[in-house]
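Heads up, entry_6.pdb below (PDB, C-alpha atoms and all ligand atoms):
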MODEL        1
ATOM      1  CA  MET Q   1     104.347 107.971 127.903  1.00  0.00           C
ATOM      2  CA  LYS Q   2     107.839 108.992 126.843  1.00  0.00           C
ATOM      3  CA  VAL Q   3     110.329 109.359 129.643  1.00  0.00           C
ATOM      4  CA  PRO Q   4     113.789 110.953 129.731  1.00  0.00           C
ATOM      5  CA  TYR Q   5     116.972 109.030 130.512  1.00  0.00           C
ATOM      6  CA  VAL Q   6     117.345 108.301 134.215  1.00  0.00           C
ATOM      7  CA  SER Q   7     120.742 107.101 135.463  1.00  0.00           C
ATOM      8  CA  ASN Q   8     121.153 104.169 137.832  1.00  0.00           C
ATOM      9  CA  THR Q   9     122.521 106.622 140.404  1.00  0.00           C
ATOM     10  CA  ASP Q  10     119.295 108.633 140.177  1.00  0.00           C
ATOM     11  CA  ILE Q  11     117.275 105.437 140.631  1.00  0.00           C
ATOM     12  CA  ASP Q  12     119.452 104.491 143.626  1.00  0.00           C
ATOM     13  CA  SER Q  13     118.747 107.911 145.147  1.00  0.00           C
ATOM     14  CA  ALA Q  14     114.994 107.624 144.522  1.00  0.00           C
ATOM     15  CA  VAL Q  15     114.892 104.241 146.301  1.00  0.00           C
ATOM     16  CA  ILE Q  16     117.021 105.446 149.233  1.00  0.00           C
ATOM     17  CA  GLU Q  17     114.767 108.491 149.576  1.00  0.00           C
ATOM     18  CA  LEU Q  18     111.605 106.365 149.645  1.00  0.00           C
ATOM     19  CA  LEU Q  19     113.032 103.844 152.128  1.00  0.00           C
ATOM     20  CA  GLY Q  20     114.226 106.755 154.275  1.00  0.00           C
ATOM     21  CA  LYS Q  21     110.743 108.302 154.328  1.00  0.00           C
ATOM     22  CA  CYS Q  22     109.193 104.950 155.234  1.00  0.00           C
ATOM     23  CA  ALA Q  23     111.756 104.463 158.023  1.00  0.00           C
ATOM     24  CA  THR Q  24     111.006 107.917 159.439  1.00  0.00           C
ATOM     25  CA  LYS Q  25     107.285 107.201 159.438  1.00  0.00           C
ATOM     26  CA  LEU Q  26     107.741 103.741 160.928  1.00  0.00           C
ATOM     27  CA  GLY Q  27     110.410 104.754 163.434  1.00  0.00           C
ATOM     28  CA  ARG Q  28     112.798 102.011 162.276  1.00  0.00           C
ATOM     29  CA  GLU Q  29     114.590 100.801 159.175  1.00  0.00           C
ATOM     30  CA  LEU Q  30     112.487  98.773 156.756  1.00  0.00           C
ATOM     31  CA  LEU Q  31     114.114  95.341 156.572  1.00  0.00           C
ATOM     32  CA  PRO Q  32     113.608  92.443 154.134  1.00  0.00           C
ATOM     33  CA  PRO Q  33     111.222  91.097 153.164  1.00  0.00           C
ATOM     34  CA  ILE Q  34     110.459  94.690 152.089  1.00  0.00           C
ATOM     35  CA  PRO Q  35     106.678  95.056 152.526  1.00  0.00           C
ATOM     36  CA  VAL Q  36     105.870  96.520 149.125  1.00  0.00           C
ATOM     37  CA  ASP Q  37     102.107  96.250 149.663  1.00  0.00           C
ATOM     38  CA  ASP Q  38     102.411  98.335 152.837  1.00  0.00           C
ATOM     39  CA  ILE Q  39     104.568 100.869 151.012  1.00  0.00           C
ATOM     40  CA  ILE Q  40     101.820 101.229 148.394  1.00  0.00           C
ATOM     41  CA  GLU Q  41      98.896 101.440 150.796  1.00  0.00           C
ATOM     42  CA  LYS Q  42     100.240 102.823 154.069  1.00  0.00           C
ATOM     43  CA  PHE Q  43     103.209 104.944 153.078  1.00  0.00           C
ATOM     44  CA  LEU Q  44     102.124 106.228 149.675  1.00  0.00           C
ATOM     45  CA  GLY Q  45      98.357 106.156 150.267  1.00  0.00           C
ATOM     46  CA  ILE Q  46      97.639 104.415 146.957  1.00  0.00           C
ATOM     47  CA  THR Q  47      94.830 101.889 146.598  1.00  0.00           C
ATOM     48  CA  LEU Q  48      96.135  98.439 145.704  1.00  0.00           C
ATOM     49  CA  GLU Q  49      93.840  96.057 143.851  1.00  0.00           C
ATOM     50  CA  ILE Q  50      94.575  92.481 142.841  1.00  0.00           C
ATOM     51  CA  VAL Q  51      92.180  91.842 139.961  1.00  0.00           C
ATOM     52  CA  ASP Q  52      91.725  89.903 136.736  1.00  0.00           C
ATOM     53  CA  LEU Q  53      93.684  92.501 134.804  1.00  0.00           C
ATOM     54  CA  GLN Q  54      94.158  90.201 131.830  1.00  0.00           C
ATOM     55  CA  THR Q  55      90.425  90.190 131.132  1.00  0.00           C
ATOM     56  CA  ARG Q  56      89.958  93.804 132.129  1.00  0.00           C
ATOM     57  CA  LEU Q  57      92.586  95.076 129.693  1.00  0.00           C
ATOM     58  CA  GLY Q  58      92.262  92.269 127.162  1.00  0.00           C
ATOM     59  CA  MET Q  59      95.962  91.397 127.291  1.00  0.00           C
ATOM     60  CA  VAL Q  60      97.299  87.968 128.162  1.00  0.00           C
ATOM     61  CA  ASP Q  61     100.748  89.111 129.237  1.00  0.00           C
ATOM     62  CA  VAL Q  62      99.766  92.001 131.530  1.00  0.00           C
ATOM     63  CA  LEU Q  63     101.280  91.959 135.023  1.00  0.00           C
ATOM     64  CA  GLY Q  64     100.257  95.281 136.528  1.00  0.00           C
ATOM     65  CA  ALA Q  65      99.056  98.780 135.740  1.00  0.00           C
ATOM     66  CA  ALA Q  66      99.393 102.233 137.273  1.00  0.00           C
ATOM     67  CA  TYR Q  67      96.389 104.573 137.221  1.00  0.00           C
ATOM     68  CA  PHE Q  68      97.708 107.943 138.352  1.00  0.00           C
ATOM     69  CA  ASP Q  69      94.458 109.941 138.308  1.00  0.00           C
ATOM     70  CA  GLU Q  70      92.539 107.213 140.098  1.00  0.00           C
ATOM     71  CA  ASN Q  71      95.386 106.756 142.597  1.00  0.00           C
ATOM     72  CA  VAL Q  72      95.224 103.012 142.037  1.00  0.00           C
ATOM     73  CA  ILE Q  73      97.751 100.279 141.305  1.00  0.00           C
ATOM     74  CA  ARG Q  74      96.221  97.132 139.868  1.00  0.00           C
ATOM     75  CA  VAL Q  75      98.078  93.844 139.735  1.00  0.00           C
ATOM     76  CA  ASP Q  76      96.949  90.737 137.878  1.00  0.00           C
ATOM     77  CA  GLU Q  77      95.527  88.034 140.139  1.00  0.00           C
ATOM     78  CA  ASN Q  78      97.498  85.255 138.424  1.00  0.00           C
ATOM     79  CA  LEU Q  79     100.581  86.561 140.213  1.00  0.00           C
ATOM     80  CA  LEU Q  80      99.131  85.544 143.583  1.00  0.00           C
ATOM     81  CA  GLN Q  81     100.634  82.095 143.070  1.00  0.00           C
ATOM     82  CA  LEU Q  82     104.090  83.515 142.421  1.00  0.00           C
ATOM     83  CA  GLU Q  83     105.241  85.552 145.403  1.00  0.00           C
ATOM     84  CA  GLY Q  84     108.486  86.712 143.851  1.00  0.00           C
ATOM     85  CA  ARG Q  85     106.798  88.023 140.713  1.00  0.00           C
ATOM     86  CA  LEU Q  86     103.921  89.533 142.670  1.00  0.00           C
ATOM     87  CA  SER Q  87     106.271  91.526 144.909  1.00  0.00           C
ATOM     88  CA  PHE Q  88     108.446  92.501 141.961  1.00  0.00           C
ATOM     89  CA  THR Q  89     105.407  93.756 140.029  1.00  0.00           C
ATOM     90  CA  MET Q  90     104.206  95.804 143.006  1.00  0.00           C
ATOM     91  CA  ALA Q  91     107.704  97.234 143.459  1.00  0.00           C
ATOM     92  CA  HIS Q  92     107.807  97.966 139.711  1.00  0.00           C
ATOM     93  CA  GLU Q  93     104.529  99.928 139.944  1.00  0.00           C
ATOM     94  CA  ILE Q  94     105.972 101.890 142.897  1.00  0.00           C
ATOM     95  CA  GLY Q  95     108.844 102.673 140.528  1.00  0.00           C
ATOM     96  CA  HIS Q  96     106.422 104.219 138.015  1.00  0.00           C
ATOM     97  CA  TRP Q  97     104.855 106.199 140.833  1.00  0.00           C
ATOM     98  CA  GLN Q  98     108.150 107.589 142.103  1.00  0.00           C
ATOM     99  CA  LEU Q  99     109.970 108.049 138.803  1.00  0.00           C
ATOM    100  CA  HIS Q 100     107.244 108.834 136.292  1.00  0.00           C
ATOM    101  CA  ARG Q 101     104.242 110.271 138.069  1.00  0.00           C
ATOM    102  CA  PRO Q 102     105.936 113.670 138.614  1.00  0.00           C
ATOM    103  CA  LEU Q 103     106.551 113.830 134.830  1.00  0.00           C
ATOM    104  CA  TYR Q 104     102.919 112.963 134.178  1.00  0.00           C
ATOM    105  CA  GLU Q 105     101.695 115.677 136.536  1.00  0.00           C
ATOM    106  CA  MET Q 106     104.014 118.193 134.875  1.00  0.00           C
ATOM    107  CA  GLU Q 107     102.806 117.183 131.428  1.00  0.00           C
ATOM    108  CA  LYS Q 108      99.223 117.486 132.578  1.00  0.00           C
ATOM    109  CA  VAL Q 109      99.821 121.085 133.584  1.00  0.00           C
ATOM    110  CA  THR Q 110     101.753 121.928 130.419  1.00  0.00           C
ATOM    111  CA  VAL Q 111      99.380 120.246 127.972  1.00  0.00           C
ATOM    112  CA  GLY Q 112      96.349 121.265 129.998  1.00  0.00           C
ATOM    113  CA  TYR Q 113      94.383 118.078 130.576  1.00  0.00           C
ATOM    114  CA  ILE Q 114      90.939 118.796 131.946  1.00  0.00           C
ATOM    115  CA  GLY Q 115      89.391 116.545 134.554  1.00  0.00           C
ATOM    116  CA  THR Q 116      90.607 113.086 135.370  1.00  0.00           C
ATOM    117  CA  ARG Q 117      90.944 110.023 133.236  1.00  0.00           C
ATOM    118  CA  VAL Q 118      89.324 107.240 135.128  1.00  0.00           C
ATOM    119  CA  SER Q 119      90.044 103.585 134.313  1.00  0.00           C
ATOM    120  CA  VAL Q 120      92.653 104.421 131.700  1.00  0.00           C
ATOM    121  CA  PRO Q 121      95.989 103.087 132.896  1.00  0.00           C
ATOM    122  CA  ASP Q 122      98.997 105.365 132.457  1.00  0.00           C
ATOM    123  CA  PHE Q 123     101.356 102.417 132.474  1.00  0.00           C
ATOM    124  CA  VAL Q 124     100.452  98.906 131.435  1.00  0.00           C
ATOM    125  CA  CYS Q 125     103.228  96.562 132.479  1.00  0.00           C
ATOM    126  CA  ARG Q 126     103.622  93.384 130.492  1.00  0.00           C
ATOM    127  CA  SER Q 127     106.082  90.559 130.427  1.00  0.00           C
ATOM    128  CA  GLY Q 128     108.503  90.671 127.533  1.00  0.00           C
ATOM    129  CA  ARG Q 129     108.090  94.226 126.233  1.00  0.00           C
ATOM    130  CA  LYS Q 130     110.588  96.631 127.748  1.00  0.00           C
ATOM    131  CA  PRO Q 131     110.485 100.261 126.617  1.00  0.00           C
ATOM    132  CA  PRO Q 132     112.760 102.656 128.626  1.00  0.00           C
ATOM    133  CA  ALA Q 133     110.123 103.468 131.283  1.00  0.00           C
ATOM    134  CA  GLU Q 134     109.676  99.747 131.964  1.00  0.00           C
ATOM    135  CA  VAL Q 135     113.410  99.151 132.282  1.00  0.00           C
ATOM    136  CA  GLN Q 136     113.645 102.063 134.725  1.00  0.00           C
ATOM    137  CA  ALA Q 137     110.754 100.709 136.816  1.00  0.00           C
ATOM    138  CA  ASP Q 138     112.390  97.244 136.843  1.00  0.00           C
ATOM    139  CA  ARG Q 139     115.653  98.732 138.085  1.00  0.00           C
ATOM    140  CA  PHE Q 140     113.766 100.624 140.771  1.00  0.00           C
ATOM    141  CA  ALA Q 141     111.967  97.414 141.820  1.00  0.00           C
ATOM    142  CA  ALA Q 142     115.211  95.427 142.124  1.00  0.00           C
ATOM    143  CA  ARG Q 143     116.784  98.139 144.279  1.00  0.00           C
ATOM    144  CA  LEU Q 144     113.716  98.476 146.483  1.00  0.00           C
ATOM    145  CA  LEU Q 145     113.291  94.756 147.179  1.00  0.00           C
ATOM    146  CA  MET Q 146     117.020  94.139 147.467  1.00  0.00           C
ATOM    147  CA  PRO Q 147     118.643  97.258 148.982  1.00  0.00           C
ATOM    148  CA  GLU Q 148     122.346  97.365 148.116  1.00  0.00           C
ATOM    149  CA  ARG Q 149     123.650  97.647 151.687  1.00  0.00           C
ATOM    150  CA  LEU Q 150     121.628  94.676 152.907  1.00  0.00           C
ATOM    151  CA  VAL Q 151     122.492  92.496 149.903  1.00  0.00           C
ATOM    152  CA  ARG Q 152     126.183  93.238 150.462  1.00  0.00           C
ATOM    153  CA  ILE Q 153     125.963  92.346 154.162  1.00  0.00           C
ATOM    154  CA  ALA Q 154     124.205  89.024 153.387  1.00  0.00           C
ATOM    155  CA  PHE Q 155     126.615  88.217 150.540  1.00  0.00           C
ATOM    156  CA  HIS Q 156     129.784  88.940 152.523  1.00  0.00           C
ATOM    157  CA  THR Q 157     128.495  86.969 155.526  1.00  0.00           C
ATOM    158  CA  ILE Q 158     128.276  83.922 153.285  1.00  0.00           C
ATOM    159  CA  HIS Q 159     131.184  84.447 150.971  1.00  0.00           C
ATOM    160  CA  GLY Q 160     133.648  86.634 152.855  1.00  0.00           C
ATOM    161  CA  GLU Q 161     135.428  89.508 151.135  1.00  0.00           C
ATOM    162  CA  GLY Q 162     135.789  89.806 147.386  1.00  0.00           C
ATOM    163  CA  PRO Q 163     133.433  88.786 144.593  1.00  0.00           C
ATOM    164  CA  PHE Q 164     132.317  85.264 143.709  1.00  0.00           C
ATOM    165  CA  LEU Q 165     134.148  84.299 140.511  1.00  0.00           C
ATOM    166  CA  LEU Q 166     132.262  82.087 138.086  1.00  0.00           C
ATOM    167  CA  ALA Q 167     133.628  80.638 134.846  1.00  0.00           C
ATOM    168  CA  GLY Q 168     131.392  81.283 131.845  1.00  0.00           C
ATOM    169  CA  LEU Q 169     129.289  84.021 133.441  1.00  0.00           C
ATOM    170  CA  ARG Q 170     129.600  86.299 130.409  1.00  0.00           C
ATOM    171  CA  ASN Q 171     129.774  83.912 127.505  1.00  0.00           C
ATOM    172  CA  HIS Q 172     127.768  80.894 128.689  1.00  0.00           C
ATOM    173  CA  GLN Q 173     125.129  82.512 130.851  1.00  0.00           C
ATOM    174  CA  GLY Q 174     122.403  80.023 129.931  1.00  0.00           C
ATOM    175  CA  ASP Q 175     124.460  76.864 130.594  1.00  0.00           C
ATOM    176  CA  THR Q 176     123.545  74.663 133.551  1.00  0.00           C
ATOM    177  CA  SER Q 177     127.165  74.800 134.724  1.00  0.00           C
ATOM    178  CA  VAL Q 178     126.727  78.563 135.140  1.00  0.00           C
ATOM    179  CA  VAL Q 179     123.067  78.865 136.173  1.00  0.00           C
ATOM    180  CA  GLY Q 180     123.477  76.125 138.820  1.00  0.00           C
ATOM    181  CA  PRO Q 181     126.134  77.710 141.062  1.00  0.00           C
ATOM    182  CA  TRP Q 182     124.808  81.216 140.311  1.00  0.00           C
ATOM    183  CA  SER Q 183     121.348  80.158 141.554  1.00  0.00           C
ATOM    184  CA  GLU Q 184     122.813  78.391 144.603  1.00  0.00           C
ATOM    185  CA  LEU Q 185     124.625  81.584 145.563  1.00  0.00           C
ATOM    186  CA  ALA Q 186     121.488  83.691 144.997  1.00  0.00           C
ATOM    187  CA  LYS Q 187     119.440  81.270 147.111  1.00  0.00           C
ATOM    188  CA  ALA Q 188     121.972  81.419 149.959  1.00  0.00           C
ATOM    189  CA  VAL Q 189     121.865  85.246 149.896  1.00  0.00           C
ATOM    190  CA  LEU Q 190     118.046  85.180 149.894  1.00  0.00           C
ATOM    191  CA  ILE Q 191     118.027  82.990 153.006  1.00  0.00           C
ATOM    192  CA  GLN Q 192     120.837  84.833 154.798  1.00  0.00           C
ATOM    193  CA  GLY Q 193     119.276  88.273 154.187  1.00  0.00           C
ATOM    194  CA  ASN Q 194     115.667  87.130 154.709  1.00  0.00           C
ATOM    195  CA  PHE Q 195     114.686  88.288 151.211  1.00  0.00           C
ATOM    196  CA  SER Q 196     111.753  85.894 151.270  1.00  0.00           C
ATOM    197  CA  ASN Q 197     109.619  87.794 148.734  1.00  0.00           C
ATOM    198  CA  VAL Q 198     112.326  87.828 146.054  1.00  0.00           C
ATOM    199  CA  SER Q 199     112.794  85.197 143.350  1.00  0.00           C
ATOM    200  CA  ILE Q 200     116.108  83.412 142.861  1.00  0.00           C
ATOM    201  CA  GLU Q 201     116.256  84.835 139.334  1.00  0.00           C
ATOM    202  CA  ALA Q 202     115.862  88.438 140.573  1.00  0.00           C
ATOM    203  CA  MET Q 203     118.630  87.940 143.139  1.00  0.00           C
ATOM    204  CA  ARG Q 204     120.877  86.399 140.471  1.00  0.00           C
ATOM    205  CA  TYR Q 205     120.643  89.576 138.397  1.00  0.00           C
ATOM    206  CA  ARG Q 206     121.038  91.804 141.459  1.00  0.00           C
ATOM    207  CA  LEU Q 207     124.307  90.053 142.418  1.00  0.00           C
ATOM    208  CA  ASP Q 208     125.551  90.536 138.873  1.00  0.00           C
ATOM    209  CA  ASP Q 209     124.428  94.170 138.857  1.00  0.00           C
ATOM    210  CA  LEU Q 210     126.302  94.834 142.113  1.00  0.00           C
ATOM    211  CA  LYS Q 211     129.370  93.019 140.688  1.00  0.00           C
ATOM    212  CA  LEU Q 212     129.325  90.633 143.644  1.00  0.00           C
ATOM    213  CA  ILE Q 213     129.506  87.825 141.103  1.00  0.00           C
ATOM    214  CA  ARG Q 214     131.963  88.216 138.235  1.00  0.00           C
ATOM    215  CA  ASP Q 215     133.156  86.373 135.210  1.00  0.00           C
ATOM    216  CA  LYS Q 216     136.175  84.310 136.255  1.00  0.00           C
ATOM    217  CA  GLU Q 217     138.108  84.513 132.984  1.00  0.00           C
ATOM    218  CA  SER Q 218     137.836  88.264 132.451  1.00  0.00           C
ATOM    219  CA  THR Q 219     138.498  89.049 136.130  1.00  0.00           C
ATOM    220  CA  GLU Q 220     141.656  86.899 136.115  1.00  0.00           C
ATOM    221  CA  ALA Q 221     142.757  88.590 132.889  1.00  0.00           C
ATOM    222  CA  GLN Q 222     142.237  92.019 134.500  1.00  0.00           C
ATOM    223  CA  PRO Q 223     142.811  91.518 138.256  1.00  0.00           C
ATOM    224  CA  ASN Q 224     142.983  95.295 138.784  1.00  0.00           C
ATOM    225  CA  LEU Q 225     139.193  95.352 138.353  1.00  0.00           C
ATOM    226  CA  LEU Q 226     138.770  93.581 141.687  1.00  0.00           C
TER     227      LEU Q 226
HETATM  228 ZN    ZN Q 301     105.654  99.120 134.044  1.00  0.00          ZN
ENDMDL
END
Can you give me the file's structure in the form of C-alpha cells?
Ligand SMILES: [Zn+2]
Amino acid sequence: MKVPYVSNTDIDSAVIELLGKCATKLGRELLPPIPVDDIIEKFLGITLEIVDLQTRLGMVDVLGAAYFDENVIRVDENLLQLEGRLSFTMAHEIGHWQLHRPLYEMEKVTVGYIGTRVSVPDFVCRSGRKPPAEVQADRFAARLLMPERLVRIAFHTIHGEGPFLLAGLRNHQGDTSVVGPWSELAKAVLIQGNFSNVSIEAMRYRLDDLKLIRDKESTEAQPNLL
C-alpha cells in the first residue's frame, strides 16, 4: 500500500489524540509502561493474536501484520522472549491502524472492493525493510511508548536542564565510547520514567530524536542551537 508523506508533527498529533481518547475512557492519564496490548484490545477493539507468523506467512523476518478487514493484529510468537521488541511491534501495528487504515478504507470505497479479504494482511512488518509506511509506523510506535512530555520529565530529573552532550555522537555512532554512555543514559531514563516495556536501543534513538542528547563538537561549535 502506497502512503502519502506524513510529517512528524502529524504523527505527534495522532499519538496525542489516541492517548487522550484512552485517558478519557480510563478516567486517568495512561502512564508508562504504556499498555499497548490493552490499547489494541480494550481501547481500539481489535483482536490481538500472538502466533507463529513466520510459518504462516512463510517469511523468516516477519514481526507483525495488520489485517484491517479481519480486525486483527498478529504478532510473531518469537517476540515473546523480547519484551521491548514485542511492545514496539504492537505499537507499530497500532501506528498502521491509526495512520493508514483510514487511507485503506477510503481506497476501498474509491476502487470499489467487494466483500472482505480474510487472512490477507494489509501490512506485513519485517525487520530490515523500511518503506515509507513502515518508517511512519515506527515513528508512531516510538512516540506512543515514549511520550515526549514524560521522557522529558524523566530526562531532566536525572540530568537537570540542558541536553546531554556526547563527543562523537554524529561521526562515531557505532563506537563503544559513544554507545556506552548513550546506553547508560537511556537506561537511566527508562528506570526513572518506568518505561519498562521499552528497549535501551529504542530509548537511545528517542533521546536523539528529541535532541535531549546532542553531538558535543557540533553543539560547542554552534552554541546558539542550545
Ligand atoms: Zn509495519
Starting from the displayed file, determine the output of the PyMOL selection byres (((not hetatm)) within 9 of (chain Q and resi 301)) and express the residue list as a compact mmCIF listing (two decimals) with C-alpha atoms, in the frame of the given file.
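Generated output (result_11.txt):
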# COMPACT_ATOMS: atom_id res chain seq x y z
CA LEU Q 63 101.28 91.96 135.02
CA GLY Q 64 100.26 95.28 136.53
CA ALA Q 65 99.06 98.78 135.74
CA ALA Q 66 99.39 102.23 137.27
CA THR Q 89 105.41 93.76 140.03
CA HIS Q 92 107.81 97.97 139.71
CA GLU Q 93 104.53 99.93 139.94
CA GLY Q 95 108.84 102.67 140.53
CA HIS Q 96 106.42 104.22 138.01
CA PHE Q 123 101.36 102.42 132.47
CA VAL Q 124 100.45 98.91 131.44
CA CYS Q 125 103.23 96.56 132.48
CA ARG Q 126 103.62 93.38 130.49
CA LYS Q 130 110.59 96.63 127.75
CA PRO Q 131 110.48 100.26 126.62
CA ALA Q 133 110.12 103.47 131.28
CA GLU Q 134 109.68 99.75 131.96
CA VAL Q 135 113.41 99.15 132.28
CA GLN Q 136 113.64 102.06 134.72
CA ALA Q 137 110.75 100.71 136.82
CA ASP Q 138 112.39 97.24 136.84
> How many Å separate CA of Leu86 (chain Q) from CA of Ser13 (chain Q)?
Replying inline: 23.7 Å
> List as a list in words: which residues have an atom within 12 Å of (126.2, 87.5, 157.0), counting only C-alpha atoms?
Replying inline: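 Within 12 Å of (126.2, 87.5, 157.0), the protein and nucleic acid residues are Arg149, Leu150, Val151, Arg152, Ile153, Ala154, Phe155, His156, Thr157, Ile158, His159, Gly160, Glu161, Ala188, Val189, Leu190, Ile191, Gln192, Gly193 and Asn194 of chain Q.
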Output check: residues returned by the PyMOL selection byres (((chain Q and resi 143-145) around 8) and not hetatm), as a short mmCIF file (atom, residue, chain, number, x, y, z; two decimals) with C-alpha atoms, keeping the file's coordinate frame:
data_model
loop_
_atom_site.label_atom_id
_atom_site.label_comp_id
_atom_site.auth_asym_id
_atom_site.auth_seq_id
_atom_site.Cartn_x
_atom_site.Cartn_y
_atom_site.Cartn_z
CA ASP Q 12 119.45 104.49 143.63
CA VAL Q 15 114.89 104.24 146.30
CA LEU Q 19 113.03 103.84 152.13
CA PRO Q 32 113.61 92.44 154.13
CA PRO Q 33 111.22 91.10 153.16
CA ILE Q 34 110.46 94.69 152.09
CA VAL Q 36 105.87 96.52 149.12
CA PHE Q 88 108.45 92.50 141.96
CA ALA Q 91 107.70 97.23 143.46
CA ARG Q 139 115.65 98.73 138.08
CA PHE Q 140 113.77 100.62 140.77
CA ALA Q 141 111.97 97.41 141.82
CA ALA Q 142 115.21 95.43 142.12
CA MET Q 146 117.02 94.14 147.47
CA PRO Q 147 118.64 97.26 148.98
CA GLU Q 148 122.35 97.36 148.12
CA PHE Q 195 114.69 88.29 151.21
CA VAL Q 198 112.33 87.83 146.05
#
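The shortest atom-to-atom distance to Lys187 (chain Q), with only C-alpha atoms taken into account, belongs to Q:Ile200 out of Q:Ile200, Q:Trp97, Q:Phe43, Q:Asp209.
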>> One number please: CA of Arg214 (chain Q) to CA of Gly168 (chain Q), in Å, one decimal.
In response: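 We find that CA of Arg214 (chain Q) and CA of Gly168 (chain Q) lie 9.4 Å from each other.
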> So what does the PyMOL selection byres (((chain Q and resi 52) around 9) and not hetatm) actually pick up in this one, as an MDAnalysis selection string?
Replying inline: chainID Q and resid 50:51 53:57 75:78
> Of the candidates Q:Leu30, Q:Leu165, Q:Val178, Q:Ala186, which one gets nearest to Ile213 (chain Q) if we count all atoms listed in the file?
Replying inline: Q:Leu165
> Which polymer residues have any atom within 8 Å of an atom of Glu83 (chain Q), counting only C-alpha atoms, with same-chain residues fewer than 2 positions away left out, as JSON, numbers by chain?
Replying inline: {"Q": [79, 80, 81, 85, 86, 87, 197, 198, 199]}
Could those residues be written to a file, using C-alpha atoms, as a short mmCIF file (atom, residue, chain, number, x, y, z; two decimals), keeping the file's coordinate frame?
data_model
loop_
_atom_site.label_atom_id
_atom_site.label_comp_id
_atom_site.auth_asym_id
_atom_site.auth_seq_id
_atom_site.Cartn_x
_atom_site.Cartn_y
_atom_site.Cartn_z
CA LEU Q 79 100.58 86.56 140.21
CA LEU Q 80 99.13 85.54 143.58
CA GLN Q 81 100.63 82.10 143.07
CA ARG Q 85 106.80 88.02 140.71
CA LEU Q 86 103.92 89.53 142.67
CA SER Q 87 106.27 91.53 144.91
CA ASN Q 197 109.62 87.79 148.73
CA VAL Q 198 112.33 87.83 146.05
CA SER Q 199 112.79 85.20 143.35
#
>> Rounded to one decimal, what separation in Å do you get between CA of Glu217 (chain Q) and CA of Ala167 (chain Q)?
In response: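 Distance between the two atoms: 6.2 Å.
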Find the axis-aligned box for region 146-156 of chain Q, covering all its listed atoms and adding 6 Å on each side, and write its centre and edge lengths in Å to one decimal as lines of an AutoDock Vina configuration file.
center_x = 123.4
center_y = 92.9
center_z = 150.8
size_x = 24.8
size_y = 21.4
size_z = 18.7
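Of the residues under consideration (Q:Ile39, Q:Leu166, Q:Val179, Q:Asn8), Q:Ile39 shows the shortest atom-to-atom contact distance to Gly20 (chain Q) when counting only C-alpha atoms.
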>> Considering all atoms listed in the file, can you say which of Q:Asp37, Q:Phe68, Q:Pro121, Q:Glu184 comes closest to Leu103 (chain Q)?
In response: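 So, comparing all the options, the nearest one is Q:Phe68.
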> Of the candidates Q:Pro132, Q:Asp69, Q:Glu29, Q:Ser218, which one gets nearest to Glu105 (chain Q) if we count all atoms listed in the file?
Replying inline: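 Ranking Q:Pro132, Q:Asp69, Q:Glu29, Q:Ser218 by distance to Glu105 (chain Q), first place goes to Q:Asp69.
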> Of the candidates Q:Leu185, Q:Val120, Q:Ile94, Q:Ala14, which one gets nearest to Met203 (chain Q) if we count all atoms listed in the file?
Replying inline: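 When distances to Met203 (chain Q) are compared using all atoms listed in the file, the smallest one comes from Q:Leu185.
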